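Notes to accompany the following structure.
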Amino acid sequence: MDTKENKKMTDYDVEQLIGQVLRYGVLISGIIAIIGGILYLYQQGKGHPDYGTFHGETAGYTSLTGIIEGLKHGSATEIIQLGVVVMIATPILRIIFSLLSFIVERDKLYIFLTLVVLAIITFSMFGGLKV
Amino acid sequence: MTILTFTLILLLGAYLAGLAGSLTGLGGGVVIIPLLTLFFHVDIRYAIGAALVASIATSSGSASAYVKEGITNIRLGMFLEIATTAGAVLGAILAIYTPVNLVAIIFGFTLIFSAAMTLRKKHEGALQEGSKLSYQLKLNSSYPTKDGIVDYKLTNIGAGFSIMTVAGLLSGLLGIGSGALKVLAMDSAMKIPFRVSTTTSNFMVGVTAAASAVVYLQRGYIDPGIAFPVIIGVLAGAFTGSKLLMKIDVKKLKLIFSVAITLIALNMIYNGFNHKF
């Protein structure tokens, strides 16, 4: 069993690391969105927005493979969508970092609890909730 | 209106939403939905997709600062995220069977509740004796204040966990962070000092929103043309807000904002009942 002092030290380090993950995730996502956004306005800025009725995004914008496929063709909107994916991935990545830190601390209870959270998100991602 | 003007106005609106959201602690999502639906007449489903992205942006953006200060209780956040993510997935499933007008009405009532929550008295004290479960789950911790490190303990874990599930459900259904309900669970039920509950709640919002965002992305709710001004605007607004927060007294601002939010909420409810969505 670690002393209280030691535990505080590792917790502090982990918190710093998690802070970094969140900061860089947001920063990268923002930069990608700006690049894609400027390109998008350049390409389609004169058009007219049509959001009054819901059509739903087409397949190319709703999956990672679709987005990567679109990126190959230099699509501005797909660049933005990549920024969105990075934004969504940031908190998930944060959980994975927490998991690693609990593994280092050998905190069995919290390794388990973190895995439960990850399992729920994985289910949400691949559980066919798309409908 | 061309796409360029739409983008520029939305950028400004998202900036103000991020600013107001971070100053009052309500998050960026709650303002984005009325802004898009009532002002731009965007379908509420696109608005929900945009609000989810905005919630993640504000949460991750400001959490990175708070975590650094060591106020956030990461174990507590992780434990409660089981409730909020499960609730969020449930909310995303329920959304399929919920008519959009009903979504707007529920959103309106949630807004009014959130507005009221920002005005209530904060729970400042730190509990000295926690419940049995709080020890078993290692949830008791300490946080830095200007008078030094303060230890605090938790109670009513079960009640807190249950409220968190509802918070997650609303978040999954409406696309918002439901920070107000999260703070209620930690503040009123679990008796956590206010600064800890606010920062931990904010920390959790990102994960909760991500749990439903992965579903909504696949359902085609997230449109790049709306997402990019929202991401940039909300991030910039939240950043300005976090800087301003140290300098100004937000008491009056919160009151004005609460009144404004309530009026917007009534508008959403009215339009919902009249099937305008």
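Letters for chains follow the order of the structure tokens (A, B, ...), residue numbers begin at 1 for each chain, and ligand numbers begin at 1 in the order shown.
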(request) Give the residues of chain A that lie within 6 Å of chain B; count only C-alpha atoms, and format the answer as a VMD selection string. (result) chain A and resid 15 to 16 19 22 to 23 33 45 to 49 51 to 54 56 to 57 62 77 80 to 81 88 91 117 121 125 130
Can you write out the residues you just picked, keeping C-alpha atoms, as a CSV table (one decimal), in the first residue's frame?
```
chain,number,residue,atom,x,y,z
A,15,GLU,CA,-4.4,14.7,-13.9
A,16,GLN,CA,-1.7,16.7,-15.7
A,19,GLY,CA,-5.4,17.8,-19.0
A,22,LEU,CA,-8.1,17.2,-23.6
A,23,ARG,CA,-6.2,20.4,-24.5
A,33,ALA,CA,-12.4,22.5,-38.5
A,45,GLY,CA,-19.9,30.1,-49.7
A,46,LYS,CA,-22.2,31.5,-52.4
A,47,GLY,CA,-24.7,28.7,-52.2
A,48,HIS,CA,-27.8,28.7,-50.0
A,49,PRO,CA,-28.1,26.8,-46.7
A,51,TYR,CA,-31.5,23.0,-43.1
A,52,GLY,CA,-35.2,23.7,-42.7
A,53,THR,CA,-36.1,20.0,-43.3
A,54,PHE,CA,-34.1,17.1,-42.1
A,56,GLY,CA,-29.8,13.3,-42.6
A,57,GLU,CA,-26.2,13.2,-43.8
A,62,THR,CA,-21.6,9.2,-41.0
A,77,THR,CA,-16.9,19.1,-45.8
A,80,ILE,CA,-14.7,19.4,-41.2
A,81,GLN,CA,-16.3,16.1,-40.4
A,88,ILE,CA,-15.8,13.2,-30.3
A,91,PRO,CA,-13.1,12.4,-24.3
A,117,VAL,CA,-17.7,2.9,-19.2
A,121,ILE,CA,-19.4,3.6,-25.3
A,125,MET,CA,-20.7,2.9,-31.3
A,130,LYS,CA,-28.0,3.9,-35.9
```
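Atom CA of Ala59 of chain A to atom CA of Leu129 of chain A spans 15.2 Å [interatomic distance, one decimal].
Reported to one decimal place, the separation of atom CA of Leu253 of chain B from atom CA of Gly125 of chain B is 24.7 Å.
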(request) Using backbone DSSP assignments, extract all strand (DSSP E or B) residues from segment 68-265 of chain B; output them as a PyMOL selection string. (result) chain B and resi 141-145+148-152
Residues from last step as file, N, CA and C atoms, as a tab-separated table (two decimals), in the first residue's frame:
```
chain	number	residue	atom	x	y	z
B	141	SER	N	-12.21	12.55	-1.14
B	141	SER	CA	-10.97	13.13	-1.62
B	141	SER	C	-10.73	14.49	-0.96
B	142	SER	N	-9.87	15.27	-1.56
B	142	SER	CA	-9.60	16.60	-1.04
B	142	SER	C	-9.40	17.55	-2.22
B	143	TYR	N	-9.53	18.83	-1.96
B	143	TYR	CA	-9.31	19.80	-3.03
B	143	TYR	C	-8.68	21.07	-2.49
B	144	PRO	N	-7.94	21.78	-3.35
B	144	PRO	CA	-7.28	23.00	-2.89
B	144	PRO	C	-8.23	24.19	-2.82
B	145	THR	N	-8.18	24.93	-1.71
B	145	THR	CA	-8.92	26.18	-1.61
B	145	THR	C	-7.92	27.26	-1.21
B	148	GLY	N	-6.08	26.50	1.95
B	148	GLY	CA	-5.34	25.23	2.01
B	148	GLY	C	-6.18	24.06	1.53
B	149	ILE	N	-5.59	22.85	1.66
B	149	ILE	CA	-6.26	21.65	1.19
B	149	ILE	C	-7.42	21.29	2.12
B	150	VAL	N	-8.59	21.05	1.55
B	150	VAL	CA	-9.76	20.69	2.35
B	150	VAL	C	-10.19	19.26	1.99
B	151	ASP	N	-10.35	18.42	3.02
B	151	ASP	CA	-10.85	17.06	2.80
B	151	ASP	C	-12.37	17.08	2.78
B	152	TYR	N	-12.96	16.23	1.92
B	152	TYR	CA	-14.41	16.13	1.93
B	152	TYR	C	-14.83	14.68	1.74
```
(request) Please identify all polymer residues within 8 Å of Thr114 of chain A, counting only C-alpha atoms, omitting same-chain residues fewer than 4 positions from it, and present them as number ranges by chain. (result) A: 95, 98-99, 110, 118; B: 78-79
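Using only C-alpha atoms for every distance, the candidate list B:Leu76, B:Val100, B:Leu255, B:Ala238 yields B:Leu76 as the residue closest to Met190 of chain B.
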(request) Taking the chain letters and numbering used in this document, name the residues of segment 19-91 of chain B that DSSP puts in helix (DSSP H, G or I), as a count of residues only. (result) 61
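For the atom pair formed by atom CA of Leu174 of chain B and atom CA of Leu12 of chain B, the distance is 22.7 Å, given to one decimal.
If you count only C-alpha atoms and ignore residues fewer than 6 places along the chain from segment 109-124 of chain B, what sits within 6 Å of it is Ala180, Pro193, Phe194, Ser258, Thr262 and Ala265 of chain B.
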How would the residues just chosen look if you wrote them out with N, CA and C atoms as a PDB file, in the first residue's frame?
```
ATOM      1  N   ALA B 180     -26.629  21.095 -15.204  1.00  0.00           N
ATOM      2  CA  ALA B 180     -27.421  21.517 -14.049  1.00  0.00           C
ATOM      3  C   ALA B 180     -27.866  20.315 -13.221  1.00  0.00           C
ATOM      4  N   PRO B 193     -18.619  19.641  -2.050  1.00  0.00           N
ATOM      5  CA  PRO B 193     -18.415  21.088  -2.141  1.00  0.00           C
ATOM      6  C   PRO B 193     -18.625  21.584  -3.577  1.00  0.00           C
ATOM      7  N   PHE B 194     -19.181  22.779  -3.686  1.00  0.00           N
ATOM      8  CA  PHE B 194     -19.611  23.292  -4.973  1.00  0.00           C
ATOM      9  C   PHE B 194     -18.532  23.308  -6.059  1.00  0.00           C
ATOM     10  N   SER B 258     -30.518  33.858 -16.810  1.00  0.00           N
ATOM     11  CA  SER B 258     -31.588  32.941 -16.406  1.00  0.00           C
ATOM     12  C   SER B 258     -32.937  33.414 -16.932  1.00  0.00           C
ATOM     13  N   THR B 262     -35.170  31.461 -19.688  1.00  0.00           N
ATOM     14  CA  THR B 262     -36.546  31.074 -19.392  1.00  0.00           C
ATOM     15  C   THR B 262     -37.492  31.526 -20.510  1.00  0.00           C
ATOM     16  N   ALA B 265     -36.993  29.323 -23.372  1.00  0.00           N
ATOM     17  CA  ALA B 265     -37.584  28.021 -23.079  1.00  0.00           C
ATOM     18  C   ALA B 265     -39.087  28.035 -23.311  1.00  0.00           C
TER      19      ALA B 265
END
```
